[in-house]
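The file my_file.cif comes next; it holds mmCIF, C-alpha atoms and all ligand atoms.
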data_model
loop_
_atom_site.group_PDB
_atom_site.id
_atom_site.type_symbol
_atom_site.label_atom_id
_atom_site.label_comp_id
_atom_site.auth_asym_id
_atom_site.auth_seq_id
_atom_site.Cartn_x
_atom_site.Cartn_y
_atom_site.Cartn_z
ATOM 1 C CA MET A 1 81.360 27.540 -24.702
ATOM 2 C CA LYS A 2 78.975 28.946 -27.332
ATOM 3 C CA HIS A 3 79.180 32.609 -26.223
ATOM 4 C CA PHE A 4 81.787 34.653 -24.338
ATOM 5 C CA LEU A 5 79.731 36.792 -21.971
ATOM 6 C CA GLU A 6 81.303 37.040 -18.539
ATOM 7 C CA ILE A 7 84.214 35.659 -16.541
ATOM 8 C CA SER A 8 81.976 33.786 -14.084
ATOM 9 C CA GLN A 9 81.055 31.351 -16.888
ATOM 10 C CA LEU A 10 84.726 30.244 -17.086
ATOM 11 C CA SER A 11 86.336 27.502 -14.995
ATOM 12 C CA PRO A 12 89.996 27.738 -13.902
ATOM 13 C CA TYR A 13 90.684 25.256 -16.738
ATOM 14 C CA ASP A 14 88.942 27.524 -19.317
ATOM 15 C CA ILE A 15 90.926 30.542 -18.089
ATOM 16 C CA ASP A 16 94.217 28.647 -18.252
ATOM 17 C CA SER A 17 93.364 27.317 -21.695
ATOM 18 C CA LEU A 18 92.603 30.824 -23.081
ATOM 19 C CA LEU A 19 95.796 32.156 -21.518
ATOM 20 C CA ARG A 20 97.938 29.363 -23.075
ATOM 21 C CA ARG A 21 96.238 29.856 -26.458
ATOM 22 C CA ALA A 22 96.872 33.633 -26.415
ATOM 23 C CA LEU A 23 100.515 33.163 -25.367
ATOM 24 C CA HIS A 24 100.924 30.593 -28.148
ATOM 25 C CA PHE A 25 99.464 32.992 -30.765
ATOM 26 C CA LYS A 26 101.879 35.703 -29.614
ATOM 27 C CA GLN A 27 104.816 33.417 -30.638
ATOM 28 C CA ALA A 28 103.240 31.430 -33.477
ATOM 29 C CA PRO A 29 104.464 31.821 -37.099
ATOM 30 C CA SER A 30 100.992 31.016 -38.472
ATOM 31 C CA TYR A 31 97.407 30.862 -37.241
ATOM 32 C CA PRO A 32 94.250 28.781 -37.761
ATOM 33 C CA SER A 33 92.184 29.907 -40.733
ATOM 34 C CA TYR A 34 88.445 30.684 -40.701
ATOM 35 C CA LEU A 35 88.339 31.848 -44.330
ATOM 36 C CA ASN A 36 84.594 31.441 -44.860
ATOM 37 C CA THR A 37 83.541 32.966 -41.546
ATOM 38 C CA THR A 38 82.318 36.536 -41.129
ATOM 39 C CA MET A 39 82.425 38.430 -37.846
ATOM 40 C CA VAL A 40 80.448 41.627 -37.173
ATOM 41 C CA ASN A 41 81.706 44.274 -34.754
ATOM 42 C CA LEU A 42 78.448 45.804 -33.459
ATOM 43 C CA PHE A 43 79.361 48.787 -31.301
ATOM 44 C CA TYR A 44 76.678 50.898 -29.615
ATOM 45 C CA GLU A 45 79.358 52.743 -27.621
ATOM 46 C CA ASN A 46 82.665 54.283 -28.688
ATOM 47 C CA SER A 47 85.840 52.258 -28.549
ATOM 48 C CA THR A 48 89.415 52.418 -29.789
ATOM 49 C CA ARG A 49 91.284 49.431 -28.308
ATOM 50 C CA THR A 50 88.541 46.803 -28.152
ATOM 51 C CA ARG A 51 87.038 47.385 -31.585
ATOM 52 C CA VAL A 52 90.362 47.596 -33.439
ATOM 53 C CA SER A 53 91.888 44.623 -31.632
ATOM 54 C CA PHE A 54 88.869 42.380 -32.316
ATOM 55 C CA GLU A 55 89.107 43.396 -35.972
ATOM 56 C CA LEU A 56 92.855 42.711 -36.110
ATOM 57 C CA ALA A 57 92.366 39.399 -34.306
ATOM 58 C CA ALA A 58 89.733 38.287 -36.824
ATOM 59 C CA HIS A 59 91.908 39.334 -39.783
ATOM 60 C CA LYS A 60 94.823 37.301 -38.395
ATOM 61 C CA LEU A 61 92.443 34.310 -38.331
ATOM 62 C CA SER A 62 91.617 34.952 -42.036
ATOM 63 C CA MET A 63 88.044 36.016 -41.281
ATOM 64 C CA THR A 64 85.974 38.694 -42.988
ATOM 65 C CA VAL A 65 85.022 41.550 -40.657
ATOM 66 C CA ILE A 66 82.117 43.981 -40.952
ATOM 67 C CA ASN A 67 82.064 46.990 -38.654
ATOM 68 C CA LEU A 68 78.557 48.172 -37.859
ATOM 69 C CA HIS A 69 78.268 51.209 -35.621
ATOM 70 C CA SER A 70 74.856 51.820 -34.089
ATOM 71 C CA THR A 71 74.583 55.221 -35.805
ATOM 72 C CA GLN A 72 74.801 53.574 -39.257
ATOM 73 C CA SER A 73 72.457 50.643 -38.650
ATOM 74 C CA SER A 74 68.690 50.178 -38.485
ATOM 75 C CA ILE A 75 68.983 50.330 -34.716
ATOM 76 C CA THR A 76 68.370 54.075 -35.209
ATOM 77 C CA LYS A 77 64.951 53.169 -36.709
ATOM 78 C CA GLY A 78 63.846 51.332 -33.585
ATOM 79 C CA GLU A 79 64.954 47.765 -34.334
ATOM 80 C CA THR A 80 65.682 45.731 -31.205
ATOM 81 C CA LEU A 81 69.068 44.149 -30.579
ATOM 82 C CA LYS A 82 67.461 40.679 -30.779
ATOM 83 C CA ASP A 83 65.949 41.473 -34.211
ATOM 84 C CA THR A 84 69.248 42.927 -35.433
ATOM 85 C CA LEU A 85 71.070 39.741 -34.402
ATOM 86 C CA ASP A 86 68.436 37.456 -35.969
ATOM 87 C CA ASN A 87 68.821 39.384 -39.251
ATOM 88 C CA LEU A 88 72.611 39.131 -39.151
ATOM 89 C CA ALA A 89 72.278 35.369 -38.495
ATOM 90 C CA ALA A 90 69.926 35.087 -41.499
ATOM 91 C CA MET A 91 72.733 36.489 -43.668
ATOM 92 C CA GLY A 92 75.102 33.779 -42.456
ATOM 93 C CA ILE A 93 77.021 35.810 -39.876
ATOM 94 C CA LYS A 94 78.497 33.381 -37.327
ATOM 95 C CA LEU A 95 79.994 35.687 -34.717
ATOM 96 C CA VAL A 96 79.022 39.120 -33.381
ATOM 97 C CA VAL A 97 81.160 41.200 -31.036
ATOM 98 C CA ILE A 98 78.888 43.579 -29.132
ATOM 99 C CA ARG A 99 79.563 46.643 -27.034
ATOM 100 C CA HIS A 100 76.539 48.229 -25.430
ATOM 101 C CA CYS A 101 75.915 50.986 -22.884
ATOM 102 C CA LYS A 102 73.356 48.795 -21.052
ATOM 103 C CA GLU A 103 73.820 45.523 -19.135
ATOM 104 C CA LEU A 104 72.149 43.468 -21.880
ATOM 105 C CA LEU A 105 74.567 40.668 -22.571
ATOM 106 C CA GLN A 106 73.611 38.216 -19.866
ATOM 107 C CA GLN A 107 72.780 34.510 -20.174
ATOM 108 C CA ASN A 108 68.990 35.074 -20.319
ATOM 109 C CA PHE A 109 69.291 37.323 -23.368
ATOM 110 C CA VAL A 110 71.591 35.115 -25.447
ATOM 111 C CA LYS A 111 69.577 31.965 -24.668
ATOM 112 C CA LYS A 112 66.939 33.347 -27.067
ATOM 113 C CA LEU A 113 69.416 33.558 -29.961
ATOM 114 C CA THR A 114 69.988 30.766 -32.424
ATOM 115 C CA ASN A 115 72.655 30.249 -35.114
ATOM 116 C CA ILE A 116 74.874 33.069 -33.884
ATOM 117 C CA GLN A 117 77.641 33.377 -31.312
ATOM 118 C CA ILE A 118 78.138 36.468 -29.158
ATOM 119 C CA ILE A 119 81.232 38.022 -27.620
ATOM 120 C CA ASN A 120 80.686 40.666 -24.952
ATOM 121 C CA ALA A 121 83.005 43.609 -25.677
ATOM 122 C CA GLY A 122 81.719 45.557 -22.650
ATOM 123 C CA ASP A 123 78.080 45.975 -21.608
ATOM 124 C CA GLY A 124 77.140 48.845 -19.326
ATOM 125 C CA GLU A 125 78.563 48.410 -15.854
ATOM 126 C CA HIS A 126 78.200 44.620 -16.024
ATOM 127 C CA ALA A 127 81.212 42.979 -17.656
ATOM 128 C CA HIS A 128 84.223 43.418 -19.922
ATOM 129 C CA PRO A 129 85.598 39.876 -19.920
ATOM 130 C CA SER A 130 88.076 40.133 -22.803
ATOM 131 C CA GLN A 131 89.691 43.122 -21.035
ATOM 132 C CA ALA A 132 90.090 41.087 -17.836
ATOM 133 C CA MET A 133 91.624 38.202 -19.805
ATOM 134 C CA LEU A 134 94.147 40.424 -21.591
ATOM 135 C CA ASP A 135 95.016 41.992 -18.240
ATOM 136 C CA LEU A 136 95.632 38.504 -16.873
ATOM 137 C CA MET A 137 97.900 37.692 -19.829
ATOM 138 C CA THR A 138 99.927 40.851 -19.178
ATOM 139 C CA ILE A 139 100.208 40.102 -15.458
ATOM 140 C CA TYR A 140 101.180 36.477 -16.152
ATOM 141 C CA GLU A 141 104.000 37.507 -18.512
ATOM 142 C CA LYS A 142 105.580 39.575 -15.742
ATOM 143 C CA LYS A 143 104.487 37.608 -12.670
ATOM 144 C CA PRO A 144 103.614 33.983 -13.474
ATOM 145 C CA ASN A 145 103.091 32.926 -9.855
ATOM 146 C CA LEU A 146 99.516 34.231 -9.883
ATOM 147 C CA ALA A 147 98.450 32.578 -6.616
ATOM 148 C CA MET A 148 100.969 34.653 -4.627
ATOM 149 C CA LEU A 149 100.005 38.087 -5.938
ATOM 150 C CA LYS A 150 98.738 41.128 -4.097
ATOM 151 C CA VAL A 151 96.679 43.095 -6.634
ATOM 152 C CA VAL A 152 95.255 46.541 -5.969
ATOM 153 C CA ILE A 153 92.561 48.142 -8.127
ATOM 154 C CA ILE A 154 92.184 51.917 -7.718
ATOM 155 C CA GLY A 155 89.329 54.231 -8.661
ATOM 156 C CA ASN A 156 85.679 54.179 -9.628
ATOM 157 C CA VAL A 157 84.911 50.551 -8.789
ATOM 158 C CA ARG A 158 81.132 51.073 -8.546
ATOM 159 C CA HIS A 159 80.702 51.851 -12.242
ATOM 160 C CA SER A 160 83.502 49.727 -13.660
ATOM 161 C CA ARG A 161 82.708 46.670 -15.785
ATOM 162 C CA VAL A 162 86.466 46.070 -15.903
ATOM 163 C CA ALA A 163 86.619 45.896 -12.084
ATOM 164 C CA ASN A 164 83.645 43.487 -12.057
ATOM 165 C CA SER A 165 85.316 41.149 -14.529
ATOM 166 C CA LEU A 166 88.677 41.363 -12.759
ATOM 167 C CA GLN A 167 87.029 40.602 -9.425
ATOM 168 C CA ALA A 168 85.406 37.477 -10.903
ATOM 169 C CA LEU A 169 88.704 36.453 -12.483
ATOM 170 C CA PHE A 170 90.811 36.863 -9.344
ATOM 171 C CA LYS A 171 88.138 35.054 -7.315
ATOM 172 C CA THR A 172 88.209 32.066 -9.681
ATOM 173 C CA LEU A 173 92.019 32.045 -9.610
ATOM 174 C CA ALA A 174 92.019 32.520 -5.804
ATOM 175 C CA ILE A 175 94.915 34.998 -5.808
ATOM 176 C CA LYS A 176 96.481 35.810 -2.431
ATOM 177 C CA GLU A 177 95.094 39.321 -1.970
ATOM 178 C CA LEU A 178 92.791 41.711 -3.849
ATOM 179 C CA ILE A 179 92.300 45.252 -2.555
ATOM 180 C CA PHE A 180 90.000 47.901 -4.018
ATOM 181 C CA VAL A 181 91.033 51.464 -3.171
ATOM 182 C CA THR A 182 88.172 53.835 -3.808
ATOM 183 C CA PRO A 183 86.439 56.920 -2.433
ATOM 184 C CA ASP A 184 83.366 55.963 -0.314
ATOM 185 C CA ILE A 185 80.997 57.195 -2.996
ATOM 186 C CA TRP A 186 82.445 54.851 -5.657
ATOM 187 C CA GLN A 187 82.569 51.693 -3.568
ATOM 188 C CA PRO A 188 81.079 48.574 -5.180
ATOM 189 C CA ARG A 189 77.473 47.761 -4.234
ATOM 190 C CA GLN A 190 78.378 44.089 -3.884
ATOM 191 C CA LEU A 191 81.687 42.386 -3.193
ATOM 192 C CA GLN A 192 82.348 38.684 -3.739
ATOM 193 C CA PHE A 193 86.106 38.696 -3.350
ATOM 194 C CA GLY A 194 88.741 41.041 -1.895
ATOM 195 C CA LYS A 195 88.295 44.012 0.390
ATOM 196 C CA VAL A 196 87.593 47.719 -0.046
ATOM 197 C CA ILE A 197 89.557 50.519 1.630
ATOM 198 C CA ASP A 198 89.933 54.264 1.068
ATOM 199 C CA SER A 199 93.671 54.725 1.729
ATOM 200 C CA LEU A 200 95.865 54.624 -1.366
ATOM 201 C CA GLN A 201 99.051 54.314 0.695
ATOM 202 C CA GLU A 202 97.700 51.312 2.628
ATOM 203 C CA GLY A 203 96.314 49.725 -0.537
ATOM 204 C CA ILE A 204 99.462 49.821 -2.604
ATOM 205 C CA SER A 205 101.745 48.914 0.274
ATOM 206 C CA ALA A 206 103.737 45.841 -0.882
ATOM 207 C CA ALA A 207 101.518 45.452 -3.971
ATOM 208 C CA ASP A 208 102.727 43.363 -6.921
ATOM 209 C CA VAL A 209 100.171 44.629 -9.424
ATOM 210 C CA ILE A 210 98.478 48.051 -9.465
ATOM 211 C CA ILE A 211 95.501 48.568 -11.769
ATOM 212 C CA CYS A 212 94.154 52.126 -12.170
ATOM 213 C CA LEU A 213 90.605 52.579 -13.469
ATOM 214 C CA ARG A 214 89.240 55.371 -15.615
ATOM 215 C CA ILE A 215 87.009 57.806 -13.689
ATOM 216 C CA GLN A 216 84.077 57.222 -16.108
ATOM 217 C CA GLN A 217 82.449 60.636 -15.789
ATOM 218 C CA GLU A 218 79.717 59.551 -18.243
ATOM 219 C CA ARG A 219 78.336 56.988 -15.778
ATOM 220 C CA LEU A 220 78.228 59.193 -12.672
ATOM 221 C CA LEU A 221 75.005 60.420 -11.121
ATOM 222 C CA ASP A 222 75.104 64.056 -10.012
ATOM 223 C CA CYS A 223 75.351 62.941 -6.375
ATOM 224 C CA GLU A 224 78.415 60.801 -7.229
ATOM 225 C CA ARG A 225 80.553 63.572 -8.703
ATOM 226 C CA LEU A 226 83.877 64.416 -7.027
ATOM 227 C CA SER A 227 86.284 67.265 -7.589
ATOM 228 C CA LEU A 228 88.931 65.989 -10.015
ATOM 229 C CA ALA A 229 91.603 67.944 -8.137
ATOM 230 C CA LYS A 230 90.626 66.259 -4.854
ATOM 231 C CA TYR A 231 90.472 62.826 -6.505
ATOM 232 C CA LYS A 232 93.903 63.349 -8.026
ATOM 233 C CA GLN A 233 95.333 64.440 -4.675
ATOM 234 C CA GLU A 234 93.955 61.447 -2.733
ATOM 235 C CA PHE A 235 93.813 58.648 -5.313
ATOM 236 C CA GLY A 236 96.003 59.681 -8.267
ATOM 237 C CA LEU A 237 98.920 57.288 -8.788
ATOM 238 C CA THR A 238 102.167 59.254 -8.717
ATOM 239 C CA LYS A 239 105.818 58.182 -8.632
ATOM 240 C CA LYS A 240 105.963 59.341 -5.015
ATOM 241 C CA MET A 241 103.058 57.066 -4.039
ATOM 242 C CA LEU A 242 104.488 54.165 -6.064
ATOM 243 C CA LYS A 243 107.375 53.926 -3.581
ATOM 244 C CA TYR A 244 105.047 52.115 -1.159
ATOM 245 C CA ALA A 245 104.502 49.254 -3.611
ATOM 246 C CA LYS A 246 107.093 46.559 -4.273
ATOM 247 C CA ASP A 247 110.066 47.831 -6.331
ATOM 248 C CA ASP A 248 109.082 45.561 -9.206
ATOM 249 C CA ALA A 249 105.338 46.270 -9.034
ATOM 250 C CA ILE A 250 103.686 46.574 -12.434
ATOM 251 C CA ILE A 251 101.111 49.210 -13.431
ATOM 252 C CA LEU A 252 98.078 48.513 -15.612
ATOM 253 C CA HIS A 253 95.222 50.673 -16.894
ATOM 254 C CA PRO A 254 92.496 49.432 -19.276
ATOM 255 C CA GLY A 255 92.383 52.774 -21.089
ATOM 256 C CA PRO A 256 91.378 55.260 -22.219
ATOM 257 C CA VAL A 257 93.576 57.068 -19.687
ATOM 258 C CA ASN A 258 92.810 60.449 -18.146
ATOM 259 C CA ARG A 259 96.490 61.374 -18.090
ATOM 260 C CA ASP A 260 97.542 63.222 -14.908
ATOM 261 C CA VAL A 261 94.191 62.582 -13.207
ATOM 262 C CA GLU A 262 93.902 58.927 -12.138
ATOM 263 C CA ILE A 263 97.526 58.271 -13.098
ATOM 264 C CA ALA A 264 100.471 60.639 -13.554
ATOM 265 C CA GLY A 265 102.077 60.920 -16.991
ATOM 266 C CA GLU A 266 105.458 60.017 -15.468
ATOM 267 C CA VAL A 267 103.979 56.720 -14.159
ATOM 268 C CA ILE A 268 102.423 55.917 -17.556
ATOM 269 C CA ASN A 269 105.832 56.475 -19.159
ATOM 270 C CA SER A 270 107.789 54.589 -16.475
ATOM 271 C CA LYS A 271 109.458 51.166 -16.880
ATOM 272 C CA GLN A 272 106.887 49.677 -14.507
ATOM 273 C CA SER A 273 103.997 50.610 -16.792
ATOM 274 C CA CYS A 274 102.550 47.732 -18.848
ATOM 275 C CA ILE A 275 99.732 49.777 -20.380
ATOM 276 C CA LEU A 276 100.825 49.410 -24.000
ATOM 277 C CA GLN A 277 101.731 45.765 -23.418
ATOM 278 C CA GLN A 278 98.077 45.281 -22.396
ATOM 279 C CA VAL A 279 96.984 46.771 -25.713
ATOM 280 C CA SER A 280 99.374 44.543 -27.721
ATOM 281 C CA ASN A 281 98.254 41.458 -25.797
ATOM 282 C CA GLY A 282 94.625 42.356 -26.473
ATOM 283 C CA VAL A 283 94.968 41.245 -30.103
ATOM 284 C CA PHE A 284 96.312 37.790 -29.134
ATOM 285 C CA MET A 285 93.832 37.253 -26.306
ATOM 286 C CA ARG A 286 90.953 38.177 -28.629
ATOM 287 C CA MET A 287 92.318 35.726 -31.226
ATOM 288 C CA ALA A 288 92.286 33.068 -28.494
ATOM 289 C CA ILE A 289 88.684 33.904 -27.563
ATOM 290 C CA ILE A 290 87.472 33.814 -31.200
ATOM 291 C CA ASP A 291 89.389 30.608 -31.983
ATOM 292 C CA SER A 292 88.142 28.945 -28.831
ATOM 293 C CA LEU A 293 84.490 29.773 -29.625
ATOM 294 C CA LEU A 294 84.652 28.802 -33.300
ATOM 295 C CA SER A 295 86.728 25.644 -32.901
ATOM 296 C CA VAL A 296 84.389 24.257 -30.208
ATOM 297 C CA HIS A 297 81.305 25.218 -32.207
ATOM 298 C CA LYS A 298 82.672 23.481 -35.340
ATOM 299 C CA LYS A 299 82.551 20.107 -33.544
ATOM 300 C CA LEU A 300 78.876 20.504 -32.546
HETATM 301 N N1 LIG A 401 89.693 49.283 -22.545
HETATM 302 C C1 LIG A 401 88.739 49.570 -23.447
HETATM 303 O O1 LIG A 401 87.664 48.954 -23.463
HETATM 304 O O2 LIG A 401 89.084 50.570 -24.307
HETATM 305 P P1 LIG A 401 88.134 51.068 -25.505
HETATM 306 O O3 LIG A 401 86.932 51.717 -24.878
HETATM 307 O O4 LIG A 401 88.978 52.028 -26.301
HETATM 308 O O5 LIG A 401 87.746 49.863 -26.287
#
Is it possible to express this structure as structure tokens?
Ligand code: CP
Amino acid sequence: MKHFLEISQLSPYDIDSLLRRALHFKQAPSYPSYLNTTMVNLFYENSTRTRVSFELAAHKLSMTVINLHSTQSSITKGETLKDTLDNLAAMGIKLVVIRHCKELLQQNFVKKLTNIQIINAGDGEHAHPSQAMLDLMTIYEKKPNLAMLKVVIIGNVRHSRVANSLQALFKTLAIKELIFVTPDIWQPRQLQFGKVIDSLQEGISAADVIICLRIQQERLLDCERLSLAKYKQEFGLTKKMLKYAKDDAIILHPGPVNRDVEIAGEVINSKQSCILQQVSNGVFMRMAIIDSLLSVHKKL
């Protein structure tokens, strides 16, 4: 694997291998060292969790990290992403973590790049594969029998790169049941795995894992806007609604959370919530992704 772009490029073996590597790093007293390797965090969109955890992951692997936000780079002068990456490669940069508001980071784009490896940290509505992998790690720690799980994903599925990557992941792993609960207007345009319904009660009934999505107001067309009060009433995850899930169901949210809209504060703070565990695991999963890319590339 030269680049880490989307879950569909991973086999079940690749997924298992990343998971084992991340779990190992979480326990390990020391880590591999990439002392002479520099990674650039190139973020064209805001981020808290993803940017900081990629930086922490690289530091733990003894790498140098340069953070380049689009507002501070020559991107503002009209340089293309391809030219930016070619220039970074010319300075000896080996690895670039990119977040972009458009669906740019697909195989056809990276095929044109030489001497540089790319990690997709979220591109438009397309993919957020490292988020899906850290979600899997968090689920696995609580519920290792992945094949037997009923997972429900609630919210704005149509615009969610996280939902896309999770769908691809659960399809590859062939989990028992995947349900998307979403208002009609936010249903996915295409579905490759799972089913879509609009009843929260039916969706979370006997669920093992409940994943709430952010509403993503910034991606909505005017005709896709819903009243937040109505959304909260019909699709907001509350303690009362949680009673329909299994008693030991776990709750995930990729963040950032709209507290008391898509998920009630009391659910975020409950024992079933694994939201901060996701964030902690993100550092180790991103270490596993970086190590996996660089260690394979070294042998080439
Ligand atoms: N989950 C996620 O991508 O969060 P950030 O936007 O803060 O990176």
Practice problem: Go through the chains and note each residue within 12 Å of ligand LIG 401 (chain A), using all atoms listed in the file, then give the set as JSON, numbers by chain. | Solution: {"A": [41, 43, 44, 45, 46, 47, 48, 49, 50, 51, 52, 53, 54, 55, 97, 98, 99, 100, 101, 120, 121, 122, 123, 124, 125, 127, 128, 129, 130, 131, 132, 133, 134, 135, 160, 161, 162, 163, 212, 213, 214, 216, 252, 253, 254, 255, 256, 257, 275, 276, 278, 279, 280, 282, 283]}
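The coordinates place CA of Ile268 (chain A) at 22.0 Å from CA of Leu178 (chain A).
With only C-alpha atoms taken into account, the protein and nucleic acid residues at most 12 Å from Ser295 (chain A) (excluding it and anything under 3 positions from it in its own chain) are Met1, Lys2, Pro32, Ser33, Tyr34, Thr37, Leu61, Met287, Ala288, Ile289, Ile290, Asp291, Ser292, Lys298, Lys299 and Leu300 of chain A.
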Next, write the just-selected residues to a file, as a short mmCIF file (atom, residue, chain, number, x, y, z; two decimals), in the coordinates of the input, keeping C-alpha atoms as the atom set.
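Okay, this is what ended up in result-v3.cif:
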data_model
loop_
_atom_site.label_atom_id
_atom_site.label_comp_id
_atom_site.auth_asym_id
_atom_site.auth_seq_id
_atom_site.Cartn_x
_atom_site.Cartn_y
_atom_site.Cartn_z
CA MET A 1 81.36 27.54 -24.70
CA LYS A 2 78.97 28.95 -27.33
CA PRO A 32 94.25 28.78 -37.76
CA SER A 33 92.18 29.91 -40.73
CA TYR A 34 88.44 30.68 -40.70
CA THR A 37 83.54 32.97 -41.55
CA LEU A 61 92.44 34.31 -38.33
CA MET A 287 92.32 35.73 -31.23
CA ALA A 288 92.29 33.07 -28.49
CA ILE A 289 88.68 33.90 -27.56
CA ILE A 290 87.47 33.81 -31.20
CA ASP A 291 89.39 30.61 -31.98
CA SER A 292 88.14 28.94 -28.83
CA LYS A 298 82.67 23.48 -35.34
CA LYS A 299 82.55 20.11 -33.54
CA LEU A 300 78.88 20.50 -32.55
#
Reference answer for the PyMOL selection byres (((chain A and resi 141-147) around 7) and not hetatm), as an mmCIF file with C-alpha atoms, keeping the file's coordinate frame:
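Written out: expr-v3.cif:
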data_model
loop_
_atom_site.group_PDB
_atom_site.id
_atom_site.type_symbol
_atom_site.label_atom_id
_atom_site.label_comp_id
_atom_site.auth_asym_id
_atom_site.auth_seq_id
_atom_site.Cartn_x
_atom_site.Cartn_y
_atom_site.Cartn_z
ATOM 1 C CA MET A 137 97.900 37.692 -19.829
ATOM 2 C CA THR A 138 99.927 40.851 -19.178
ATOM 3 C CA ILE A 139 100.208 40.102 -15.458
ATOM 4 C CA TYR A 140 101.180 36.477 -16.152
ATOM 5 C CA MET A 148 100.969 34.653 -4.627
ATOM 6 C CA LEU A 149 100.005 38.087 -5.938
ATOM 7 C CA ALA A 174 92.019 32.520 -5.804
ATOM 8 C CA ILE A 175 94.915 34.998 -5.808
ATOM 9 C CA LYS A 176 96.481 35.810 -2.431
#
Exercise. I would like the residues chosen by the PyMOL selection byres (((chain A and resi 180-193) around 6) and not hetatm) on the shown file; could you give them as JSON, numbers by chain?
Key: {"A": [152, 153, 154, 155, 156, 157, 158, 171, 179, 194, 196, 197, 198]}
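The two atoms in question, CA of Met241 (chain A) and CA of Ser205 (chain A), are spaced 9.3 Å apart.
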Self-check item: Neighbour residues at most 8 Å from (89.6, 32.5, -11.6) (all atoms listed in the file) as a VMD selection string
Solution: chain A and resid 7 10 to 12 15 168 to 174
Quiz item: Applied to the shown file, which residues does the PyMOL selection byres (((chain A and resi 83-85) around 10) and not hetatm) return, written as a list in words?
Solution: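 With the PyMOL selection byres (((chain A and resi 83-85) around 10) and not hetatm) on this model, the match is Val40, Leu42, Ser73, Ser74, Ile75, Glu79, Thr80, Leu81, Lys82, Asp86, Asn87, Leu88, Ala89, Ala90, Met91, Ile93, Leu95, Val96, Leu113, Thr114, Asn115, Ile116, Gln117 and Ile118 of chain A.
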Quiz item: Interatomic distance between CA of Leu237 (chain A) and CA of His126 (chain A)?
Solution: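 So the answer is 25.3 Å.
Nearest residue to Asp248 (chain A), choosing from A:Ala57, A:Ile210, A:Leu23, A:Leu293 and counting only C-alpha atoms: A:Ile210.
Shortest atom-to-atom contact with Phe284 (chain A) among A:Gln233, A:Ser70, A:Gln9, A:Gln27: A:Gln27, counting all atoms listed in the file.
When only C-alpha atoms are used to compute distances to Arg286 (chain A), the closest of the residues A:Asp14, A:Asn36, A:Ser273, A:Ala58 turns out to be A:Ala58.
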Exercise. Could you tell me which of A:Gln167, A:Lys111, A:His159, A:Ala264 comes closest to Glu224 (chain A) if we count all atoms listed in the file?
Key: A:His159
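With distances restricted to only C-alpha atoms, A:Leu136 is the closest residue to Ala22 (chain A) from A:Leu104, A:Ile211, A:Met39, A:Leu136.
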